[in-house]
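J.: Would you mind keeping the following structure in view while I ask a few things?
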Protein chains: 4
Amino acid sequence: MEYAELLEELRGFVREREWEQFHDPKNLAMLVASEAGELLAEYRWIPNERADAFSPEPEARQRIAAEIGDVGIALLLLCDRTGVDLAAAWA
Amino acid sequence: MEYAELLEELRGFVREREWEQFHDPKNLAMLVASEAGELLAEYRWIPNERADAFSPEPEARQRIAAEIGDVGIALLLLCDRTGVDLAAAWA
Amino acid sequence: MEYAELLEELRGFVREREWEQFHDPKNLAMLVASEAGELLAEYRWIPNERADAFSPEPEARQRIAAEIGDVGIALLLLCDRTGVDLAAAWA
Amino acid sequence: MEYAELLEELRGFVREREWEQFHDPKNLAMLVASEAGELLAEYRWIPNERADAFSPEPEARQRIAAEIGDVGIALLLLCDRTGVDLAAAWA
């Protein structure tokens with residue numbers, strides 16, 4: 001999915017649920033951090049030396065991809081609300 | 001900057017410094033979460049009702065964009081290492 | 001419960017499950033941070049102006065106390081493993 | 001330092017600076033999580049197998065103890081504001 005298309009879909013999703021009221025930048029920064037905490041939890045008990053082999057195991061893979069996606073979406077929502085251009089922030 | 005271009009630049013940056021040894025998925029998940037903690041810190045004492053007006057203030061803006069960029073880069077590095085396609089994870 | 005008593009109980013709990021192998025300081029720091037992420041999630045959508053009134057609502061109270069307890073236990077385990085005296089660290 | 005004594009000192013510190021206005025439970029949960037992110041950063045590039053030997057190295061020790069103390073203080077402030085008894089939350 002293209003970035004612009006994803007963003008449009010996210011905006012519709014938020015608008016339908018009337019979540020704009022909750023999505024000020026402070027709350028979205030909290031969303032980013034709490035989702036990052038869930039991603040962290042996936043690797044909490046995995047030793048460094050097993051982390052590369054663990055990641056593609058089917059069940060782990062699915063959970064990790066989902067948590068990465070959640071952090072990414074939270075970050076996108078924050079960019080959209082604050083007008084920060086993620087591509088420019090990266091540069 | 002395009003995604004593929006950014007990724008290529010990041011890979012070169014990491015390779016030159018011989019950081020691949022540190023960048024297993026566990027450590028990169030920790031990087032995502034610690035950068036998310038820094039982003040969080042920017043909004044820690046800002047009340048919800050001021051968060052939208054605060055974000056574009058020039059100094060705040062620069063710091064927030066930098067922290068968003070750091071979280072985004074950490075997430076990209078993790079995607080690259082684990083082979084998770086961020087666009088697909090979002091879908 | 002007294003601190004020393006709690007610590008003794010925690011140590012027994014960990015020993016019975018043979019979790020010492022997982023509880024090196026790096027993993028325990030990840031535990032602290034992921035539990036802090038869950039605590040954060042409790043307040044994610046609560047506006048600042050409602051946060052004081054929200055906290056003692058029975059259901060919220062129970063969840064918040066549980067998350068605070070989880071962060072506290074993770075911090076205690078880390079102190080015990082690293083030999084950091086929490087009371088001295090506070091001083 | 002005793003718990004009650006520490007709490008009294010913290011309250012005085014906060015009162016003198018008129019920080020009660022910033023210390024609602026939502027903001028204090030953010031403080032806990034952002035301090036936990038700083039603790040996490042100390043171990044970010046340390047492999048599991050070196051984490052036990054790394055922690056008591058003098059410079060590391062001092063930083064780790066300081067970060068643990070910061071998380072602990074943030075947690076105490078949150079307990080004090082919400083009326084959660086940390087010892088009971090642990091039980």
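The way I read the labels, and the way they are meant: chains A, B, ... in the order of the structure tokens, residue 1 as the first residue of every chain, and ligand 1 as the first ligand shown, with later ones counted on from there.
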Taking only C-alpha atoms into account, report as a list in words which residues of chain B lie within 7 Å of chain A.
T.: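 That gives Met1, Asp24, Pro25, Lys26, Ala29, Met30, Val32, Ala33, Ala36, Gly37, Leu39, Leu40, Tyr43, Asn48, Ala51, Asp52, Ser55, Ala65, Ala66, Ile68, Gly69, Ile73, Thr82, Val84, Leu86, Ala87, Ala89, Trp90 and Ala91 of chain B for chain B.
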J.: Using N, CA, C and O atoms, can you write the selected residues to a file as a compact mmCIF listing (two decimals), in the first residue's frame?
T.:
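So out_29.txt came out as:
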```txt
# COMPACT_ATOMS: atom_id res chain seq x y z
N MET B 1 13.07 12.35 0.48
CA MET B 1 13.89 11.18 0.13
C MET B 1 13.01 9.94 -0.01
O MET B 1 12.09 9.74 0.78
N ASP B 24 21.16 -6.61 16.13
CA ASP B 24 20.23 -7.74 16.04
C ASP B 24 18.84 -7.22 16.42
O ASP B 24 18.70 -6.14 17.00
N PRO B 25 17.79 -7.99 16.10
CA PRO B 25 16.43 -7.48 16.29
C PRO B 25 16.10 -7.12 17.75
O PRO B 25 15.33 -6.20 17.99
N LYS B 26 16.67 -7.83 18.70
CA LYS B 26 16.40 -7.51 20.10
C LYS B 26 16.90 -6.10 20.43
O LYS B 26 16.17 -5.27 20.98
N ALA B 29 14.81 -3.46 18.74
CA ALA B 29 13.54 -3.22 19.43
C ALA B 29 13.76 -2.31 20.64
O ALA B 29 12.94 -1.45 20.96
N MET B 30 14.91 -2.48 21.32
CA MET B 30 15.25 -1.60 22.44
C MET B 30 15.51 -0.18 21.95
O MET B 30 15.19 0.79 22.63
N VAL B 32 14.10 1.23 19.27
CA VAL B 32 12.77 1.80 18.99
C VAL B 32 12.15 2.33 20.29
O VAL B 32 11.68 3.47 20.36
N ALA B 33 12.17 1.49 21.33
CA ALA B 33 11.49 1.86 22.58
C ALA B 33 12.21 3.00 23.30
O ALA B 33 11.55 3.88 23.89
N ALA B 36 11.36 6.10 21.45
CA ALA B 36 9.96 6.46 21.74
C ALA B 36 9.85 7.13 23.11
O ALA B 36 9.02 8.02 23.31
N GLY B 37 10.71 6.72 24.03
CA GLY B 37 10.74 7.35 25.35
C GLY B 37 11.20 8.80 25.27
O GLY B 37 10.72 9.66 26.02
N LEU B 39 10.77 10.74 22.60
CA LEU B 39 9.64 11.45 21.99
C LEU B 39 8.59 11.78 23.06
O LEU B 39 8.08 12.90 23.14
N LEU B 40 8.31 10.80 23.88
CA LEU B 40 7.36 10.96 24.99
C LEU B 40 7.76 12.13 25.89
O LEU B 40 6.91 12.91 26.34
N TYR B 43 6.55 15.72 25.35
CA TYR B 43 5.17 16.10 25.66
C TYR B 43 4.80 15.88 27.13
O TYR B 43 3.65 16.09 27.51
N ASN B 48 -2.81 18.28 27.51
CA ASN B 48 -3.50 17.89 26.27
C ASN B 48 -4.02 19.09 25.50
O ASN B 48 -3.86 19.18 24.28
N ALA B 51 -1.35 20.76 23.47
CA ALA B 51 -0.43 19.92 22.67
C ALA B 51 -0.47 20.26 21.18
O ALA B 51 0.56 20.23 20.50
N ASP B 52 -1.65 20.61 20.67
CA ASP B 52 -1.72 20.96 19.24
C ASP B 52 -1.03 22.29 18.95
O ASP B 52 -0.35 22.43 17.94
N SER B 55 3.05 22.00 19.37
CA SER B 55 3.84 21.21 18.42
C SER B 55 4.49 22.03 17.31
O SER B 55 5.61 21.73 16.90
N ALA B 65 10.26 16.81 15.57
CA ALA B 65 10.55 16.20 14.26
C ALA B 65 11.79 15.30 14.37
O ALA B 65 11.84 14.21 13.79
N ALA B 66 12.79 15.75 15.14
CA ALA B 66 14.01 14.94 15.30
C ALA B 66 13.71 13.63 16.03
O ALA B 66 14.19 12.56 15.63
N ILE B 68 10.74 12.10 16.24
CA ILE B 68 9.94 11.27 15.33
C ILE B 68 10.85 10.59 14.31
O ILE B 68 10.73 9.40 14.03
N GLY B 69 11.80 11.34 13.79
CA GLY B 69 12.75 10.78 12.82
C GLY B 69 13.56 9.64 13.43
O GLY B 69 13.78 8.61 12.78
N ILE B 73 13.60 5.87 12.04
CA ILE B 73 14.83 5.21 11.58
C ILE B 73 15.04 3.89 12.32
O ILE B 73 15.39 2.87 11.71
N THR B 82 14.85 -7.75 10.09
CA THR B 82 13.95 -8.90 10.24
C THR B 82 13.26 -9.28 8.93
O THR B 82 12.58 -10.30 8.87
N VAL B 84 10.80 -7.68 7.69
CA VAL B 84 9.39 -7.29 7.74
C VAL B 84 9.19 -6.10 6.80
O VAL B 84 9.93 -5.12 6.86
N LEU B 86 7.42 -2.95 6.02
CA LEU B 86 6.65 -2.00 6.82
C LEU B 86 5.30 -1.71 6.17
O LEU B 86 4.27 -1.67 6.84
N ALA B 87 5.29 -1.54 4.86
CA ALA B 87 4.03 -1.25 4.16
C ALA B 87 3.04 -2.40 4.34
O ALA B 87 1.85 -2.19 4.54
N ALA B 89 3.16 -4.59 6.91
CA ALA B 89 2.84 -4.66 8.34
C ALA B 89 1.72 -3.68 8.66
O ALA B 89 0.89 -3.91 9.54
N TRP B 90 1.70 -2.58 7.93
CA TRP B 90 0.68 -1.55 8.12
C TRP B 90 -0.69 -1.99 7.62
O TRP B 90 -1.70 -1.50 8.07
N ALA B 91 -0.64 -2.86 6.61
CA ALA B 91 -1.90 -3.16 5.89
C ALA B 91 -2.84 -4.01 6.74
O ALA B 91 -2.43 -4.60 7.72
```
J.: Using the chain letters and numbers from this document, which residues of chain A does DSSP assign to helix (DSSP H, G or I), as a tab-separated table (two decimals) with N, CA and C atoms, in the first residue's frame?
T.:
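New file result-v2.tsv:
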```
chain	number	residue	atom	x	y	z
A	3	TYR	N	1.95	5.10	0.75
A	3	TYR	CA	1.89	5.94	1.94
A	3	TYR	C	0.62	6.81	1.95
A	4	ALA	N	0.38	7.51	0.82
A	4	ALA	CA	-0.76	8.44	0.76
A	4	ALA	C	-2.08	7.70	0.90
A	5	GLU	N	-2.11	6.52	0.31
A	5	GLU	CA	-3.32	5.69	0.36
A	5	GLU	C	-3.57	5.21	1.80
A	6	LEU	N	-2.50	4.75	2.44
A	6	LEU	CA	-2.59	4.30	3.84
A	6	LEU	C	-3.08	5.44	4.73
A	7	LEU	N	-2.50	6.61	4.52
A	7	LEU	CA	-2.85	7.77	5.34
A	7	LEU	C	-4.34	8.10	5.17
A	8	GLU	N	-4.81	8.02	3.94
A	8	GLU	CA	-6.21	8.32	3.67
A	8	GLU	C	-7.11	7.32	4.39
A	9	GLU	N	-6.69	6.07	4.37
A	9	GLU	CA	-7.47	5.02	5.03
A	9	GLU	C	-7.50	5.23	6.54
A	10	LEU	N	-6.33	5.57	7.09
A	10	LEU	CA	-6.24	5.83	8.54
A	10	LEU	C	-7.13	6.99	8.94
A	11	ARG	N	-7.08	8.05	8.15
A	11	ARG	CA	-7.90	9.23	8.47
A	11	ARG	C	-9.38	8.87	8.48
A	12	GLY	N	-9.80	8.07	7.52
A	12	GLY	CA	-11.21	7.66	7.46
A	12	GLY	C	-11.58	6.84	8.69
A	13	PHE	N	-10.69	5.94	9.04
A	13	PHE	CA	-10.89	5.06	10.19
A	13	PHE	C	-11.07	5.88	11.47
A	14	VAL	N	-10.21	6.88	11.64
A	14	VAL	CA	-10.25	7.73	12.84
A	14	VAL	C	-11.51	8.61	12.82
A	15	ARG	N	-11.84	9.14	11.65
A	15	ARG	CA	-12.98	10.04	11.53
A	15	ARG	C	-14.29	9.31	11.83
A	16	GLU	N	-14.44	8.12	11.27
A	16	GLU	CA	-15.66	7.34	11.51
A	16	GLU	C	-15.91	7.10	12.99
A	25	PRO	N	-1.44	15.51	19.85
A	25	PRO	CA	-0.06	14.99	19.74
A	25	PRO	C	0.47	14.35	21.04
A	26	LYS	N	0.03	14.85	22.18
A	26	LYS	CA	0.49	14.25	23.45
A	26	LYS	C	0.02	12.80	23.54
A	27	ASN	N	-1.28	12.59	23.30
A	27	ASN	CA	-1.82	11.24	23.39
A	27	ASN	C	-1.22	10.32	22.32
A	28	LEU	N	-0.95	10.86	21.15
A	28	LEU	CA	-0.36	10.02	20.09
A	28	LEU	C	1.09	9.67	20.42
A	29	ALA	N	1.81	10.57	21.08
A	29	ALA	CA	3.17	10.22	21.54
A	29	ALA	C	3.10	9.08	22.56
A	30	MET	N	2.05	9.11	23.41
A	30	MET	CA	1.85	8.01	24.36
A	30	MET	C	1.51	6.71	23.63
A	31	LEU	N	0.75	6.83	22.55
A	31	LEU	CA	0.41	5.64	21.76
A	31	LEU	C	1.68	5.04	21.15
A	32	VAL	N	2.52	5.89	20.56
A	32	VAL	CA	3.79	5.41	19.99
A	32	VAL	C	4.58	4.64	21.06
A	33	ALA	N	4.70	5.24	22.24
A	33	ALA	CA	5.54	4.64	23.28
A	33	ALA	C	4.93	3.36	23.84
A	34	SER	N	3.60	3.33	24.00
A	34	SER	CA	3.03	2.10	24.55
A	34	SER	C	3.07	0.97	23.51
A	35	GLU	N	2.92	1.30	22.25
A	35	GLU	CA	3.07	0.26	21.21
A	35	GLU	C	4.52	-0.20	21.14
A	36	ALA	N	5.46	0.71	21.29
A	36	ALA	CA	6.88	0.33	21.32
A	36	ALA	C	7.16	-0.61	22.49
A	37	GLY	N	6.45	-0.39	23.60
A	37	GLY	CA	6.59	-1.28	24.76
A	37	GLY	C	6.11	-2.69	24.44
A	38	GLU	N	5.06	-2.79	23.62
A	38	GLU	CA	4.58	-4.12	23.25
A	38	GLU	C	5.55	-4.82	22.29
A	39	LEU	N	6.14	-4.06	21.40
A	39	LEU	CA	7.16	-4.61	20.51
A	39	LEU	C	8.35	-5.13	21.34
A	40	LEU	N	8.74	-4.34	22.30
A	40	LEU	CA	9.84	-4.71	23.20
A	40	LEU	C	9.55	-6.03	23.90
A	41	ALA	N	8.30	-6.20	24.32
A	41	ALA	CA	7.92	-7.41	25.07
A	41	ALA	C	8.15	-8.68	24.25
A	42	GLU	N	8.04	-8.57	22.93
A	42	GLU	CA	8.24	-9.74	22.09
A	42	GLU	C	9.67	-10.29	22.20
A	43	TYR	N	10.62	-9.41	22.49
A	43	TYR	CA	12.03	-9.83	22.52
A	43	TYR	C	12.60	-9.91	23.94
A	48	ASN	N	20.16	-12.23	22.78
A	48	ASN	CA	20.69	-11.61	21.56
A	48	ASN	C	21.08	-12.62	20.50
A	49	GLU	N	21.74	-13.66	20.94
A	49	GLU	CA	22.29	-14.61	19.96
A	49	GLU	C	21.20	-15.42	19.25
A	50	ARG	N	19.97	-15.39	19.79
A	50	ARG	CA	18.88	-16.12	19.13
A	50	ARG	C	17.92	-15.17	18.41
A	51	ALA	N	18.13	-13.86	18.55
A	51	ALA	CA	17.13	-12.89	18.07
A	51	ALA	C	16.95	-12.92	16.56
A	52	ASP	N	18.04	-13.16	15.83
A	52	ASP	CA	17.92	-13.20	14.36
A	52	ASP	C	17.17	-14.46	13.91
A	53	ALA	N	17.46	-15.59	14.56
A	53	ALA	CA	16.80	-16.84	14.16
A	53	ALA	C	15.34	-16.87	14.63
A	54	PHE	N	15.07	-16.23	15.75
A	54	PHE	CA	13.71	-16.22	16.32
A	54	PHE	C	12.74	-15.43	15.45
A	58	PRO	N	7.37	-18.65	12.26
A	58	PRO	CA	6.06	-18.16	11.81
A	58	PRO	C	5.24	-17.41	12.88
A	59	GLU	N	5.10	-17.99	14.06
A	59	GLU	CA	4.25	-17.34	15.06
A	59	GLU	C	4.88	-16.02	15.55
A	60	ALA	N	6.19	-16.08	15.79
A	60	ALA	CA	6.90	-14.88	16.23
A	60	ALA	C	6.79	-13.80	15.15
A	61	ARG	N	7.04	-14.21	13.93
A	61	ARG	CA	7.01	-13.31	12.79
A	61	ARG	C	5.69	-12.52	12.70
A	62	GLN	N	4.61	-13.23	12.87
A	62	GLN	CA	3.30	-12.61	12.77
A	62	GLN	C	3.10	-11.57	13.88
A	63	ARG	N	3.51	-11.93	15.08
A	63	ARG	CA	3.35	-11.03	16.22
A	63	ARG	C	4.26	-9.81	16.07
A	64	ILE	N	5.51	-10.06	15.65
A	64	ILE	CA	6.48	-8.98	15.51
A	64	ILE	C	6.03	-8.01	14.42
A	65	ALA	N	5.59	-8.57	13.28
A	65	ALA	CA	5.12	-7.71	12.19
A	65	ALA	C	3.93	-6.87	12.65
A	66	ALA	N	3.04	-7.48	13.43
A	66	ALA	CA	1.87	-6.74	13.92
A	66	ALA	C	2.29	-5.60	14.84
A	67	GLU	N	3.27	-5.86	15.72
A	67	GLU	CA	3.71	-4.81	16.66
A	67	GLU	C	4.45	-3.71	15.91
A	68	ILE	N	5.27	-4.09	14.95
A	68	ILE	CA	5.96	-3.09	14.13
A	68	ILE	C	4.92	-2.22	13.41
A	69	GLY	N	3.90	-2.87	12.88
A	69	GLY	CA	2.84	-2.13	12.19
A	69	GLY	C	2.13	-1.15	13.13
A	70	ASP	N	1.89	-1.59	14.37
A	70	ASP	CA	1.21	-0.71	15.32
A	70	ASP	C	2.06	0.52	15.66
A	71	VAL	N	3.35	0.32	15.84
A	71	VAL	CA	4.23	1.47	16.10
A	71	VAL	C	4.24	2.40	14.89
A	72	GLY	N	4.33	1.80	13.70
A	72	GLY	CA	4.36	2.60	12.47
A	72	GLY	C	3.10	3.43	12.28
A	73	ILE	N	1.95	2.81	12.54
A	73	ILE	CA	0.68	3.54	12.40
A	73	ILE	C	0.60	4.68	13.41
A	74	ALA	N	1.00	4.41	14.64
A	74	ALA	CA	0.97	5.46	15.67
A	74	ALA	C	1.87	6.63	15.24
A	75	LEU	N	3.02	6.30	14.69
A	75	LEU	CA	3.96	7.33	14.25
A	75	LEU	C	3.37	8.15	13.09
A	76	LEU	N	2.70	7.46	12.17
A	76	LEU	CA	2.05	8.14	11.04
A	76	LEU	C	0.95	9.09	11.52
A	77	LEU	N	0.15	8.61	12.46
A	77	LEU	CA	-0.94	9.45	12.99
A	77	LEU	C	-0.36	10.71	13.64
A	78	LEU	N	0.75	10.53	14.35
A	78	LEU	CA	1.40	11.69	14.99
A	78	LEU	C	1.95	12.66	13.95
A	79	CYS	N	2.57	12.11	12.91
A	79	CYS	CA	3.07	12.96	11.83
A	79	CYS	C	1.93	13.74	11.19
A	80	ASP	N	0.84	13.05	10.94
A	80	ASP	CA	-0.30	13.69	10.27
A	80	ASP	C	-0.88	14.80	11.15
A	81	ARG	N	-0.97	14.55	12.43
A	81	ARG	CA	-1.57	15.54	13.33
A	81	ARG	C	-0.67	16.78	13.52
A	82	THR	N	0.65	16.53	13.55
A	82	THR	CA	1.58	17.63	13.81
A	82	THR	C	2.09	18.28	12.52
A	86	LEU	N	7.36	12.74	7.64
A	86	LEU	CA	8.24	11.66	8.11
A	86	LEU	C	9.48	11.52	7.23
A	87	ALA	N	9.31	11.61	5.94
A	87	ALA	CA	10.45	11.49	5.03
A	87	ALA	C	11.47	12.60	5.31
A	88	ALA	N	10.99	13.80	5.61
A	88	ALA	CA	11.90	14.91	5.90
A	88	ALA	C	12.53	14.74	7.29
A	89	ALA	N	11.75	14.21	8.24
A	89	ALA	CA	12.27	14.00	9.59
A	89	ALA	C	13.42	13.01	9.56
A	90	TRP	N	13.32	12.06	8.63
A	90	TRP	CA	14.35	11.04	8.48
A	90	TRP	C	15.63	11.60	7.88
```
J.: Rounded to one decimal place, report the CA of Trp19 in chain D-CA of Glu57 in chain C distance in Å.
T.: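 Interatomic distance, CA of Trp19 in chain D to CA of Glu57 in chain C: 24.2 Å.
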